[in-house]
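Visitor: File model.cif below, mmCIF, C-alpha atoms (C1' of nucleotides):
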data_run
loop_
_atom_site.label_atom_id
_atom_site.label_comp_id
_atom_site.auth_asym_id
_atom_site.auth_seq_id
_atom_site.Cartn_x
_atom_site.Cartn_y
_atom_site.Cartn_z
CA MET A 1 -17.40 -10.03 28.17
CA GLN A 2 -17.75 -12.84 30.64
CA LEU A 3 -16.57 -16.27 29.65
CA ASN A 4 -16.41 -19.13 32.07
CA GLN A 5 -13.01 -20.28 33.25
CA THR A 6 -13.15 -23.62 31.51
CA THR A 7 -13.45 -22.12 28.04
CA SER A 8 -10.14 -22.64 26.27
CA PHE A 9 -7.97 -19.81 25.02
CA GLY A 10 -8.58 -20.84 21.41
CA ASP A 11 -12.35 -21.20 21.76
CA SER A 12 -12.68 -17.80 23.45
CA VAL A 13 -10.66 -16.10 20.77
CA ILE A 14 -12.43 -17.81 17.87
CA HIS A 15 -15.82 -17.05 19.40
CA TRP A 16 -14.80 -13.41 19.73
CA TYR A 17 -13.73 -13.40 16.09
CA HIS A 18 -17.14 -14.45 14.82
CA GLN A 19 -18.77 -11.69 16.84
CA HIS A 20 -16.29 -8.83 16.44
CA GLY A 21 -13.43 -9.72 14.09
CA ARG A 22 -12.61 -7.90 10.87
CA LYS A 23 -14.02 -9.60 7.80
CA THR A 24 -14.34 -6.90 5.18
CA LEU A 25 -10.81 -5.68 4.56
CA PRO A 26 -9.90 -5.63 0.84
CA TRP A 27 -7.49 -8.56 1.18
CA GLN A 28 -10.13 -10.62 2.99
CA GLN A 29 -12.26 -10.76 -0.17
CA ASN A 30 -11.51 -13.41 -2.81
CA LYS A 31 -8.39 -14.50 -0.93
CA THR A 32 -5.58 -16.16 -2.81
CA LEU A 33 -2.08 -16.98 -1.64
CA TYR A 34 -0.93 -14.13 -3.87
CA THR A 35 -3.27 -11.48 -2.44
CA THR A 36 -2.68 -12.58 1.16
CA TRP A 37 1.07 -12.48 0.55
CA LEU A 38 0.85 -9.00 -0.94
CA SER A 39 -1.24 -7.69 1.94
CA GLU A 40 0.99 -9.28 4.58
CA VAL A 41 4.12 -7.74 3.07
CA MET A 42 2.49 -4.32 2.77
CA LEU A 43 1.32 -4.59 6.36
CA GLN A 44 4.81 -5.21 7.73
CA GLN A 45 5.43 -2.26 10.07
CA THR A 46 2.62 -0.38 8.35
CA GLN A 47 -0.89 0.44 9.52
CA VAL A 48 -4.00 -1.01 7.92
CA THR A 49 -5.48 2.35 6.92
CA THR A 50 -2.27 3.29 5.16
CA VAL A 51 -2.09 0.01 3.26
CA ILE A 52 -5.64 -0.14 1.88
CA PRO A 53 -5.26 2.24 -1.09
CA TYR A 54 -1.83 0.83 -1.95
CA PHE A 55 -3.18 -2.71 -1.91
CA ASN A 56 -6.11 -1.82 -4.17
CA ARG A 57 -3.92 -0.04 -6.72
CA PHE A 58 -1.42 -2.90 -6.70
CA VAL A 59 -3.97 -5.67 -7.26
CA ASP A 60 -5.61 -3.56 -9.91
CA LYS A 61 -2.36 -3.33 -11.87
CA PHE A 62 -1.02 -6.80 -11.04
CA PRO A 63 -4.02 -9.07 -10.39
CA THR A 64 -2.07 -12.33 -10.37
CA LEU A 65 1.31 -13.71 -9.46
CA ALA A 66 2.11 -14.14 -13.15
CA ASP A 67 1.35 -10.47 -13.83
CA LEU A 68 3.73 -9.44 -11.08
CA ALA A 69 6.45 -11.86 -12.12
CA ASN A 70 6.53 -10.20 -15.55
CA ALA A 71 6.69 -6.64 -14.19
CA GLN A 72 9.58 -4.19 -14.24
CA GLU A 73 11.12 -3.15 -10.93
CA ASP A 74 10.34 0.52 -11.61
CA GLU A 75 6.64 -0.29 -12.07
CA VAL A 76 6.55 -2.08 -8.73
CA LEU A 77 8.41 0.72 -6.96
CA GLN A 78 6.03 3.26 -8.47
CA LEU A 79 3.12 1.48 -6.78
CA TRP A 80 5.13 1.36 -3.57
CA THR A 81 6.03 5.08 -3.55
CA GLY A 82 5.15 6.57 -0.16
CA LEU A 83 4.67 3.22 1.55
CA GLY A 84 8.26 2.98 2.79
CA TYR A 85 10.63 0.09 3.44
CA TYR A 86 11.22 -0.27 -0.27
CA ALA A 87 13.21 -3.50 0.07
CA ARG A 88 9.78 -5.06 0.52
CA ALA A 89 8.84 -4.09 -3.03
CA ARG A 90 12.14 -5.25 -4.52
CA ASN A 91 11.88 -8.55 -2.66
CA LEU A 92 8.27 -8.95 -3.74
CA LEU A 93 9.26 -8.85 -7.39
CA LYS A 94 12.25 -11.11 -6.77
CA ALA A 95 10.07 -13.64 -4.99
CA ALA A 96 7.45 -13.54 -7.77
CA LYS A 97 10.10 -14.33 -10.37
CA ILE A 98 11.48 -17.17 -8.22
CA MET A 99 8.02 -18.67 -7.75
CA GLN A 100 7.24 -18.47 -11.46
CA ALA A 101 10.55 -20.05 -12.40
CA GLU A 102 10.77 -22.69 -9.65
CA TYR A 103 7.17 -23.69 -9.02
CA GLY A 104 4.98 -22.09 -11.70
CA GLU A 105 2.62 -21.04 -8.89
CA PHE A 106 2.57 -19.91 -5.27
CA PRO A 107 4.02 -22.78 -3.18
CA GLN A 108 1.99 -24.24 -0.30
CA ASP A 109 4.89 -25.78 1.59
CA PHE A 110 5.94 -23.75 4.63
CA ASP A 111 9.69 -24.10 4.08
CA GLN A 112 9.39 -23.14 0.43
CA VAL A 113 7.35 -20.06 1.35
CA LEU A 114 9.77 -19.16 4.15
CA ALA A 115 12.73 -19.39 1.79
CA LEU A 116 11.36 -16.59 -0.43
CA PRO A 117 12.96 -13.16 -0.03
CA GLY A 118 11.00 -10.81 2.22
CA ILE A 119 9.06 -13.60 3.91
CA GLY A 120 9.99 -14.45 7.49
CA ARG A 121 8.39 -16.89 9.88
CA SER A 122 5.41 -14.72 10.80
CA THR A 123 4.56 -13.70 7.25
CA ALA A 124 4.87 -17.31 6.03
CA GLY A 125 2.59 -18.45 8.83
CA ALA A 126 0.07 -15.72 8.07
CA ILE A 127 -0.06 -16.50 4.36
CA LEU A 128 -0.64 -20.23 4.83
CA SER A 129 -2.93 -20.01 7.85
CA LEU A 130 -5.16 -17.18 6.67
CA THR A 131 -5.48 -18.48 3.11
CA LEU A 132 -5.39 -22.27 3.51
CA ALA A 133 -6.09 -22.77 7.22
CA LYS A 134 -2.72 -24.46 7.68
CA PRO A 135 -1.91 -24.57 11.40
CA PHE A 136 1.03 -22.17 11.66
CA PRO A 137 1.31 -19.51 14.38
CA ILE A 138 1.98 -15.86 13.66
CA LEU A 139 3.80 -13.27 15.73
CA ASP A 140 3.24 -9.73 14.60
CA GLY A 141 3.16 -6.58 16.70
CA ASN A 142 -0.46 -7.09 17.71
CA VAL A 143 0.00 -10.69 18.82
CA LYS A 144 3.17 -9.77 20.68
CA ARG A 145 1.35 -7.13 22.68
CA VAL A 146 -1.45 -9.53 23.60
CA LEU A 147 0.99 -12.26 24.63
CA CYS A 148 3.29 -9.95 26.57
CA ARG A 149 0.30 -8.88 28.66
CA TYR A 150 -1.40 -12.24 28.93
CA PHE A 151 1.78 -14.02 30.06
CA GLU A 152 3.23 -10.98 31.86
CA ILE A 153 6.46 -10.91 29.92
CA GLN A 154 8.78 -8.44 31.59
CA THR A 155 11.49 -8.12 28.96
CA TRP A 156 11.57 -6.19 25.69
CA SER A 157 10.25 -8.19 22.72
CA GLY A 158 13.17 -7.10 20.56
CA GLU A 159 15.58 -9.31 22.48
CA LYS A 160 16.14 -12.69 20.96
CA LYS A 161 15.34 -14.63 24.12
CA THR A 162 12.06 -12.77 24.46
CA GLN A 163 11.29 -13.37 20.79
CA ASP A 164 11.95 -17.10 21.31
CA LEU A 165 9.71 -17.17 24.35
CA LEU A 166 6.92 -15.41 22.46
CA TRP A 167 7.13 -17.96 19.65
CA GLN A 168 6.86 -20.77 22.18
CA HIS A 169 3.71 -19.20 23.59
CA ALA A 170 2.35 -18.58 20.09
CA GLU A 171 2.81 -22.26 19.22
CA LYS A 172 1.27 -23.40 22.47
CA ILE A 173 -1.91 -21.34 22.17
CA SER A 174 -2.52 -22.21 18.50
CA PRO A 175 -5.68 -24.31 18.22
CA ALA A 176 -5.83 -27.47 16.13
CA GLN A 177 -9.00 -26.29 14.45
CA GLY A 178 -9.92 -22.83 13.18
CA ILE A 179 -6.42 -21.40 12.94
CA GLU A 180 -7.56 -19.06 10.16
CA TYR A 181 -10.05 -17.43 12.54
CA PHE A 182 -7.75 -17.62 15.51
CA ASN A 183 -4.80 -15.87 13.88
CA GLN A 184 -6.98 -13.15 12.41
CA ALA A 185 -8.68 -12.72 15.77
CA MET A 186 -5.40 -12.34 17.64
CA MET A 187 -4.42 -9.52 15.31
CA ASP A 188 -7.84 -7.92 15.62
CA ILE A 189 -7.79 -8.14 19.41
CA GLY A 190 -4.32 -6.60 19.48
CA SER A 191 -5.40 -3.84 17.16
CA ALA A 192 -8.85 -2.99 18.56
CA VAL A 193 -8.96 -4.26 22.16
CA CYS A 194 -5.47 -4.81 23.54
CA THR A 195 -4.32 -1.39 22.37
CA ARG A 196 -1.10 0.23 23.47
CA GLY A 197 -2.75 2.89 25.58
CA LYS A 198 -6.02 2.30 27.45
CA PRO A 199 -6.73 -1.30 26.46
CA LYS A 200 -10.42 -2.24 26.54
CA CYS A 201 -9.99 -5.18 28.90
CA ASP A 202 -13.69 -5.31 29.76
CA THR A 203 -14.46 -6.39 26.21
CA CYS A 204 -11.51 -8.77 25.85
CA PRO A 205 -12.13 -12.52 25.56
CA LEU A 206 -8.88 -13.11 27.46
CA GLU A 207 -9.76 -10.85 30.39
CA GLN A 208 -10.20 -13.64 32.96
CA ASN A 209 -6.72 -15.10 32.61
CA CYS A 210 -4.63 -12.17 31.41
CA GLN A 211 -1.86 -11.63 33.95
CA ALA A 212 -1.40 -7.95 33.14
CA ASN A 213 -5.11 -7.33 33.56
CA LEU A 214 -5.34 -9.32 36.80
CA LYS A 215 -2.33 -7.54 38.28
CA GLY A 216 -3.05 -4.06 36.95
CA LEU A 217 0.05 -4.04 34.78
CA THR A 218 -1.45 -3.23 31.38
CA SER A 219 0.03 0.26 31.39
CA GLN A 220 3.52 -1.13 32.01
CA LEU A 221 3.39 -3.98 29.52
CA PRO A 222 4.66 -4.66 26.99
CA VAL A 223 8.06 -3.33 28.04
CA SER A 224 8.88 -0.52 25.66
CA LYS A 225 11.90 -0.47 23.46
CA PRO A 226 14.95 1.22 25.03
CA LYS A 227 15.03 4.68 23.51
CA LYS A 228 18.06 5.97 21.75
CA GLU A 229 18.96 9.42 20.57
CA LYS A 230 18.29 9.90 16.88
CA PRO A 231 21.31 11.42 15.15
CA VAL A 232 20.65 14.44 12.95
CA LYS A 233 22.12 14.35 9.47
CA SER A 234 21.82 17.03 6.82
CA THR A 235 21.90 17.16 3.06
CA ILE A 236 21.38 19.47 0.11
CA MET A 237 18.93 18.28 -2.53
CA LEU A 238 19.55 19.85 -5.89
CA ALA A 239 16.76 20.44 -8.38
CA LEU A 240 18.32 21.09 -11.77
CA LYS A 241 15.44 22.56 -13.75
CA HIS A 242 15.43 22.87 -17.52
CA ASN A 243 12.35 23.39 -19.67
CA ASN A 244 10.02 22.24 -16.91
CA SER A 245 12.05 19.09 -16.34
CA VAL A 246 14.29 18.11 -13.44
CA LEU A 247 17.19 15.71 -13.24
CA LEU A 248 16.62 12.57 -11.14
CA ALA A 249 18.87 9.60 -10.47
CA LYS A 250 18.06 6.00 -9.57
CA ARG A 251 19.66 4.96 -6.31
CA PRO A 252 21.58 1.72 -5.83
CA SER A 253 19.48 -1.11 -4.45
CA THR A 254 21.25 -1.05 -1.10
CA GLY A 255 20.80 1.65 1.50
CA ILE A 256 18.13 4.27 2.00
CA TRP A 257 15.53 4.65 -0.79
CA GLY A 258 17.13 1.73 -2.65
CA GLY A 259 15.95 1.56 -6.26
CA LEU A 260 14.00 4.82 -6.07
CA PHE A 261 14.65 7.96 -8.08
CA THR A 262 15.74 10.97 -6.06
CA LEU A 263 17.19 14.44 -6.62
CA PRO A 264 21.00 14.64 -6.68
CA GLU A 265 22.43 15.40 -3.24
CA SER A 266 25.49 17.20 -1.92
CA GLU A 267 26.88 17.61 1.54
CA ARG A 268 27.25 21.40 1.26
CA LEU A 269 25.87 24.22 -0.84
CA LEU A 270 27.49 24.20 -4.27
CA THR A 271 28.39 27.38 -6.14
CA GLU A 272 27.15 28.06 -9.67
CA PRO A 273 30.50 27.17 -11.27
CA GLU A 274 30.67 23.94 -9.29
CA ILE A 275 27.21 22.91 -10.48
CA GLU A 276 28.02 23.88 -14.05
CA GLN A 277 31.15 21.81 -14.07
CA LEU A 278 29.71 18.85 -12.20
CA PHE A 279 26.65 18.46 -14.43
CA SER A 280 27.84 20.08 -17.70
CA VAL A 281 25.10 22.69 -17.60
CA GLN A 282 24.74 26.45 -17.56
CA VAL A 283 23.05 27.91 -14.52
CA LYS A 284 20.71 30.87 -14.97
CA THR A 285 19.54 31.30 -11.38
CA LEU A 286 20.30 29.59 -8.11
CA LYS A 287 17.75 29.70 -5.30
CA LYS A 288 17.57 28.10 -1.88
CA LEU A 289 14.15 26.88 -0.75
CA ALA A 290 12.90 26.50 2.80
CA PRO A 291 14.70 23.67 4.59
CA PHE A 292 12.64 20.94 6.22
CA ARG A 293 13.20 17.87 8.38
CA HIS A 294 12.49 14.33 7.24
CA THR A 295 12.49 11.78 10.05
CA PHE A 296 13.31 8.11 9.65
CA THR A 297 13.10 5.33 12.21
CA HIS A 298 16.76 5.74 13.06
CA TYR A 299 17.73 9.36 12.28
CA HIS A 300 16.57 12.84 11.35
CA LEU A 301 17.54 14.26 7.98
CA ASP A 302 17.55 18.04 7.60
CA ILE A 303 17.04 18.78 3.93
CA THR A 304 17.84 22.03 2.18
CA PRO A 305 16.38 22.10 -1.33
CA VAL A 306 18.23 24.21 -3.90
CA VAL A 307 16.77 25.04 -7.30
CA ALA A 308 19.08 25.74 -10.20
CA GLU A 309 17.30 27.09 -13.26
CA LEU A 310 19.34 26.09 -16.29
CA SER A 311 19.68 27.98 -19.54
CA GLN A 312 21.56 25.23 -21.27
CA ILE A 313 22.43 21.57 -20.91
CA GLN A 314 25.41 20.22 -22.84
CA SER A 315 25.22 16.49 -22.23
CA SER A 316 21.75 15.36 -21.29
CA ILE A 317 22.69 12.79 -18.65
CA ARG A 318 25.93 11.57 -17.09
CA ASP A 319 25.11 7.88 -16.78
CA THR A 320 22.29 5.39 -17.20
CA SER A 321 20.95 5.95 -13.69
CA GLU A 322 20.01 9.55 -14.52
CA ARG A 323 16.94 10.80 -16.33
CA TRP A 324 15.08 14.04 -16.95
CA PHE A 325 11.61 14.04 -15.47
CA GLU A 326 8.90 16.40 -16.67
CA LEU A 327 7.19 18.16 -13.78
CA GLN A 328 3.50 17.37 -13.36
CA SER A 329 3.76 14.23 -15.49
CA GLU A 330 3.07 10.89 -13.84
CA ALA A 331 6.25 9.09 -12.86
CA GLU A 332 6.53 5.51 -14.00
CA PHE A 333 9.09 4.70 -11.34
CA GLY A 334 9.49 4.99 -7.60
CA MET A 335 10.36 8.30 -5.95
CA SER A 336 11.28 9.20 -2.38
CA VAL A 337 8.78 11.30 -0.45
CA PRO A 338 11.19 14.26 0.05
CA THR A 339 11.88 14.29 -3.69
CA GLN A 340 8.15 14.26 -4.41
CA LYS A 341 7.64 17.05 -1.91
CA ILE A 342 10.26 19.26 -3.51
CA LEU A 343 8.94 18.60 -7.01
CA THR A 344 5.47 19.57 -5.84
CA GLU A 345 6.89 22.80 -4.49
CA LEU A 346 8.54 23.54 -7.82
CA THR A 347 5.24 23.04 -9.57
CA SER A 348 3.08 25.24 -7.37
"C1'" DC B 1 22.46 -10.16 16.23
"C1'" DA B 2 21.73 -5.47 16.90
"C1'" DG B 3 21.07 -2.15 13.65
"C1'" DG B 4 19.36 -0.61 9.04
"C1'" DC B 5 15.36 0.19 6.68
"C1'" DG B 6 10.17 4.86 5.47
"C1'" DT B 7 6.34 6.98 6.25
"C1'" DG B 8 2.22 8.62 8.39
"C1'" DG B 9 -1.14 8.27 12.27
"C1'" DC B 10 -1.77 9.07 16.82
"C1'" DC B 11 -1.78 11.66 21.37
"C1'" DT C 1 3.88 18.73 18.83
"C1'" DG C 2 7.56 15.76 18.88
"C1'" DG C 3 8.09 11.16 20.05
"C1'" DC C 4 6.33 6.63 19.68
"C1'" DC C 5 5.41 2.96 16.86
"C1'" DA C 6 2.75 0.09 13.24
"C1'" DA C 7 0.27 -7.23 10.21
"C1'" DG C 8 9.02 -7.66 10.25
"C1'" DC C 9 12.82 -8.98 7.51
"C1'" DC C 10 17.59 -9.00 6.25
"C1'" DT C 11 22.44 -8.87 7.17
#
For this file, produce the structure as structure tokens.
Guide:
Amino acid sequence: MQLNQTTSFGDSVIHWYHQHGRKTLPWQQNKTLYTTWLSEVMLQQTQVTTVIPYFNRFVDKFPTLADLANAQEDEVLQLWTGLGYYARARNLLKAAKIMQAEYGEFPQDFDQVLALPGIGRSTAGAILSLTLAKPFPILDGNVKRVLCRYFEIQTWSGEKKTQDLLWQHAEKISPAQGIEYFNQAMMDIGSAVCTRGKPKCDTCPLEQNCQANLKGLTSQLPVSKPKKEKPVKSTIMLALKHNNSVLLAKRPSTGIWGGLFTLPESERLLTEPEIEQLFSVQVKTLKKLAPFRHTFTHYHLDITPVVAELSQIQSSIRDTSERWFELQSEAEFGMSVPTQKILTELTS
DNA sequence: CAGGCGTGGCC
DNA sequence: TGGCCAAGCCT
């Protein structure tokens, strides 16, 4: 696309948006502050195609802020199961309750939005700019990639000084008019044109003045994150099975899988007597299933599932965090993906 | 403030 | 196919 040199950054980008930008995503229909907020939180570190079904199910169950504010945490985590970064779901509910109690509606003031749990500067800017056309910049992964190339930024965007520099650029390029198109366009360009590998510079509205493009540096920018060795951890996941039910326990709200239900874990294989004593049960059979690896952002977890068929259970549960879950029934709470995977294996 | 926090798509 | 990384935020 050829644009003459005098066309401003903002005008080029907004013009591109009207020709090529995304306009039919689920959260772009009947926009409210609530639905934009929900989509923005779901989209944090998560791809659009992954989010779409989760967003639709969520809005279906909780159509308004008031509906969400009155929900139970387990209901919210159920709808979040598989999406990851579960603090987002817990914060979403927290924020909804705060908004209902403090404001009675979704606030429109930037600092009030920013103060809500789970909403940082970029998400606050996205909510208010995309929904109400308020002139706040955004800085998500797509915009960062575009800016790092356009301004030839040679340092990793995870460093604070680089982050600060990127925000300065984001503020500077923000147009006075049409911010709602501009911000959406910057994300669309980052996602569809200024891609990580093989960017389509010949169709980019910023081609003429992009430093990386002019200098042939697109393959080297943005500077990639310094790689670190992922440690390998291992765990045993124990499926105590009795009458087609398994024992699950709700995890504390801090740490991995916070607030989700998972199978009990142990560091090493337990013997039958150990299991019987620990859980006040009688073990009929003990069987090890095929181990598998679950990989997180920051480590690998090698999981060995062990199934203990029980003939008897003395006390049903040890504390309020535990519950028996009937296989093949629909959970009304959140569950970790490895737990789901093992339960599926028990069923088949 | 660098590291913790999930999962699946992509090549 | 294993590593990279995605519409970041919190502590």
Visitor: Could you list, as a JSON list (two decimals) with C-alpha atoms (C1' of nucleotides), keeping the file's coordinate frame, every residue within 12 Å of segment 6-8 of chain B, counting all atoms listed in the file and ignoring same-chain residues fewer than 5 positions away?
Guide:
[["chain", "number", "residue", "atom", "x", "y", "z"],
["A", 44, "GLN", "CA", 4.81, -5.21, 7.73],
["A", 45, "GLN", "CA", 5.43, -2.26, 10.07],
["A", 46, "THR", "CA", 2.62, -0.38, 8.35],
["A", 47, "GLN", "CA", -0.89, 0.44, 9.52],
["A", 48, "VAL", "CA", -4.00, -1.01, 7.92],
["A", 49, "THR", "CA", -5.48, 2.35, 6.92],
["A", 50, "THR", "CA", -2.27, 3.29, 5.16],
["A", 51, "VAL", "CA", -2.09, 0.01, 3.26],
["A", 80, "TRP", "CA", 5.13, 1.36, -3.57],
["A", 81, "THR", "CA", 6.03, 5.08, -3.55],
["A", 82, "GLY", "CA", 5.15, 6.57, -0.16],
["A", 83, "LEU", "CA", 4.67, 3.22, 1.55],
["A", 84, "GLY", "CA", 8.26, 2.98, 2.79],
["A", 85, "TYR", "CA", 10.63, 0.09, 3.44],
["A", 86, "TYR", "CA", 11.22, -0.27, -0.27],
["A", 87, "ALA", "CA", 13.21, -3.50, 0.07],
["A", 88, "ARG", "CA", 9.78, -5.06, 0.52],
["A", 255, "GLY", "CA", 20.80, 1.65, 1.50],
["A", 256, "ILE", "CA", 18.13, 4.27, 2.00],
["A", 257, "TRP", "CA", 15.53, 4.65, -0.79],
["A", 258, "GLY", "CA", 17.13, 1.73, -2.65],
["A", 294, "HIS", "CA", 12.49, 14.33, 7.24],
["A", 295, "THR", "CA", 12.49, 11.78, 10.05],
["A", 296, "PHE", "CA", 13.31, 8.11, 9.65],
["A", 297, "THR", "CA", 13.10, 5.33, 12.21],
["A", 298, "HIS", "CA", 16.76, 5.74, 13.06],
["A", 299, "TYR", "CA", 17.73, 9.36, 12.28],
["A", 300, "HIS", "CA", 16.57, 12.84, 11.35],
["A", 335, "MET", "CA", 10.36, 8.30, -5.95],
["A", 336, "SER", "CA", 11.28, 9.20, -2.38],
["A", 337, "VAL", "CA", 8.78, 11.30, -0.45],
["A", 338, "PRO", "CA", 11.19, 14.26, 0.05],
["C", 5, "DC", "C1'", 5.41, 2.96, 16.86],
["C", 6, "DA", "C1'", 2.75, 0.09, 13.24]]
Visitor: Rounded to one decimal in Å, what is the spacing between atom CA of Gln108 of chain A and atom CA of Gln177 of chain A?
Guide: 18.5 Å
Visitor: Residues of chain A no more than 9 Å from chain C, counting all atoms listed in the file: send them over as a list in words.
Guide: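 The answer, sorted by residue number, is Ser39, Glu40, Val41, Met42, Leu43, Gln44, Gln45, Thr46, Gln47, Val48, Arg88, Pro117, Gly118, Ile119, Gly120, Ser122, Thr123, Ala126, Leu139, Asp140, Gly141, Asn142 and Met187 of chain A.
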Visitor: Give me the residues within 9 Å of Ser12 of chain A as an MDAnalysis selection string, counting all atoms listed in the file and dropping any in the same chain fewer than 4 places off.
Guide: chainID A and resid 3 7:8 16:17 205:206
Visitor: The PyMOL selection byres ((chain A and resi 327) around 12) on the file shown: which residues, as a short mmCIF file (atom, residue, chain, number, x, y, z; two decimals) with C-alpha atoms, in the coordinates of the input?
Guide:
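Output file selection.cif follows:
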data_model
loop_
_atom_site.label_atom_id
_atom_site.label_comp_id
_atom_site.auth_asym_id
_atom_site.auth_seq_id
_atom_site.Cartn_x
_atom_site.Cartn_y
_atom_site.Cartn_z
CA ALA A 239 16.76 20.44 -8.38
CA LEU A 240 18.32 21.09 -11.77
CA LYS A 241 15.44 22.56 -13.75
CA HIS A 242 15.43 22.87 -17.52
CA ASN A 243 12.35 23.39 -19.67
CA ASN A 244 10.02 22.24 -16.91
CA SER A 245 12.05 19.09 -16.34
CA VAL A 246 14.29 18.11 -13.44
CA LEU A 247 17.19 15.71 -13.24
CA LEU A 248 16.62 12.57 -11.14
CA TRP A 324 15.08 14.04 -16.95
CA PHE A 325 11.61 14.04 -15.47
CA GLU A 326 8.90 16.40 -16.67
CA GLN A 328 3.50 17.37 -13.36
CA SER A 329 3.76 14.23 -15.49
CA GLU A 330 3.07 10.89 -13.84
CA ALA A 331 6.25 9.09 -12.86
CA THR A 339 11.88 14.29 -3.69
CA GLN A 340 8.15 14.26 -4.41
CA LYS A 341 7.64 17.05 -1.91
CA ILE A 342 10.26 19.26 -3.51
CA LEU A 343 8.94 18.60 -7.01
CA THR A 344 5.47 19.57 -5.84
CA GLU A 345 6.89 22.80 -4.49
CA LEU A 346 8.54 23.54 -7.82
CA THR A 347 5.24 23.04 -9.57
CA SER A 348 3.08 25.24 -7.37
#
Visitor: For this file, the PyMOL selection byres ((chain A and resi 207) around 12) selects which residues, as a PyMOL selection string?
Guide: chain A and resi 1-5+9+12-13+146+149-151+189+193-194+199-206+208-216+218
Visitor: Between atom CA of Gly10 of chain A and atom CA of Phe182 of chain A, what distance in Å does the model show, to one decimal?
Guide: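 Spanning atom CA of Gly10 of chain A to atom CA of Phe182 of chain A is a straight-line distance of 6.8 Å.
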Visitor: Export chain B of the preceding structure, keeping N, CA, C and O atoms (P, O5', C5', C4', C3', O3' and C1' of nucleotides), as a CSV table (one decimal), in the first residue's frame.
Guide:
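Done, and the output landed in decode39.csv:
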chain,number,residue,atom,x,y,z
B,1,DC,P,12.2,-0.9,39.8
B,1,DC,O5',13.2,-2.1,39.3
B,1,DC,C5',13.5,-3.1,40.2
B,1,DC,C4',13.2,-4.5,39.6
B,1,DC,C3',12.6,-4.5,38.2
B,1,DC,O3',12.9,-5.7,37.6
B,1,DC,C1',11.1,-5.4,39.8
B,2,DA,P,14.2,-5.9,36.7
B,2,DA,O5',14.5,-7.5,36.8
B,2,DA,C5',15.0,-8.0,38.0
B,2,DA,C4',14.3,-9.3,38.4
B,2,DA,C3',14.2,-10.3,37.3
B,2,DA,O3',14.3,-11.6,37.9
B,2,DA,C1',12.0,-9.7,38.0
B,3,DG,P,14.3,-12.9,37.1
B,3,DG,O5',13.1,-13.7,37.8
B,3,DG,C5',12.9,-13.6,39.2
B,3,DG,C4',11.5,-14.2,39.5
B,3,DG,C3',11.1,-15.4,38.7
B,3,DG,O3',10.4,-16.2,39.6
B,3,DG,C1',9.5,-13.6,38.4
B,4,DG,P,9.8,-17.6,39.1
B,4,DG,O5',8.3,-17.5,39.4
B,4,DG,C5',7.8,-17.2,40.7
B,4,DG,C4',6.3,-17.0,40.7
B,4,DG,C3',5.6,-18.2,40.1
B,4,DG,O3',4.4,-18.4,40.8
B,4,DG,C1',5.0,-16.1,39.0
B,5,DC,P,3.6,-19.7,40.6
B,5,DC,O5',2.5,-19.3,39.5
B,5,DC,C5',1.5,-18.4,40.0
B,5,DC,C4',0.7,-17.9,38.8
B,5,DC,C3',0.2,-19.0,37.8
B,5,DC,O3',-1.2,-18.7,37.7
B,5,DC,C1',1.1,-17.2,36.6
B,6,DG,P,-2.2,-19.9,37.2
B,6,DG,O5',-1.5,-20.2,35.8
B,6,DG,C5',-1.3,-21.6,35.4
B,6,DG,C4',-2.3,-21.9,34.3
B,6,DG,C3',-2.2,-23.3,33.7
B,6,DG,O3',-3.5,-23.7,33.4
B,6,DG,C1',-1.8,-21.7,32.0
B,7,DT,P,-3.8,-25.3,33.0
B,7,DT,O5',-3.8,-25.1,31.4
B,7,DT,C5',-4.8,-24.3,30.8
B,7,DT,C4',-4.5,-24.0,29.4
B,7,DT,C3',-4.2,-25.2,28.5
B,7,DT,O3',-5.3,-25.5,27.8
B,7,DT,C1',-2.9,-23.3,28.0
B,8,DG,P,-5.3,-26.8,26.7
B,8,DG,O5',-5.0,-26.0,25.3
B,8,DG,C5',-5.8,-24.9,25.0
B,8,DG,C4',-5.2,-24.2,23.7
B,8,DG,C3',-5.0,-25.2,22.6
B,8,DG,O3',-5.3,-24.5,21.4
B,8,DG,C1',-3.0,-24.1,23.1
B,9,DG,P,-5.4,-25.3,20.0
B,9,DG,O5',-4.8,-24.3,19.0
B,9,DG,C5',-4.9,-22.9,19.3
B,9,DG,C4',-3.9,-22.1,18.4
B,9,DG,C3',-3.5,-22.8,17.1
B,9,DG,O3',-3.3,-21.7,16.2
B,9,DG,C1',-1.6,-22.6,18.4
B,10,DC,P,-3.2,-22.1,14.6
B,10,DC,O5',-1.7,-21.8,14.3
B,10,DC,C5',-1.1,-20.6,14.6
B,10,DC,C4',0.4,-20.8,14.6
B,10,DC,C3',0.9,-21.6,13.4
B,10,DC,O3',1.6,-20.7,12.5
B,10,DC,C1',2.0,-22.2,15.5
B,11,DC,P,1.8,-21.2,11.0
B,11,DC,O5',3.3,-21.8,11.0
B,11,DC,C5',4.5,-20.9,11.2
B,11,DC,C4',5.7,-21.8,11.5
B,11,DC,C3',5.9,-22.9,10.5
B,11,DC,O3',6.7,-22.5,9.4
B,11,DC,C1',6.2,-23.7,12.7
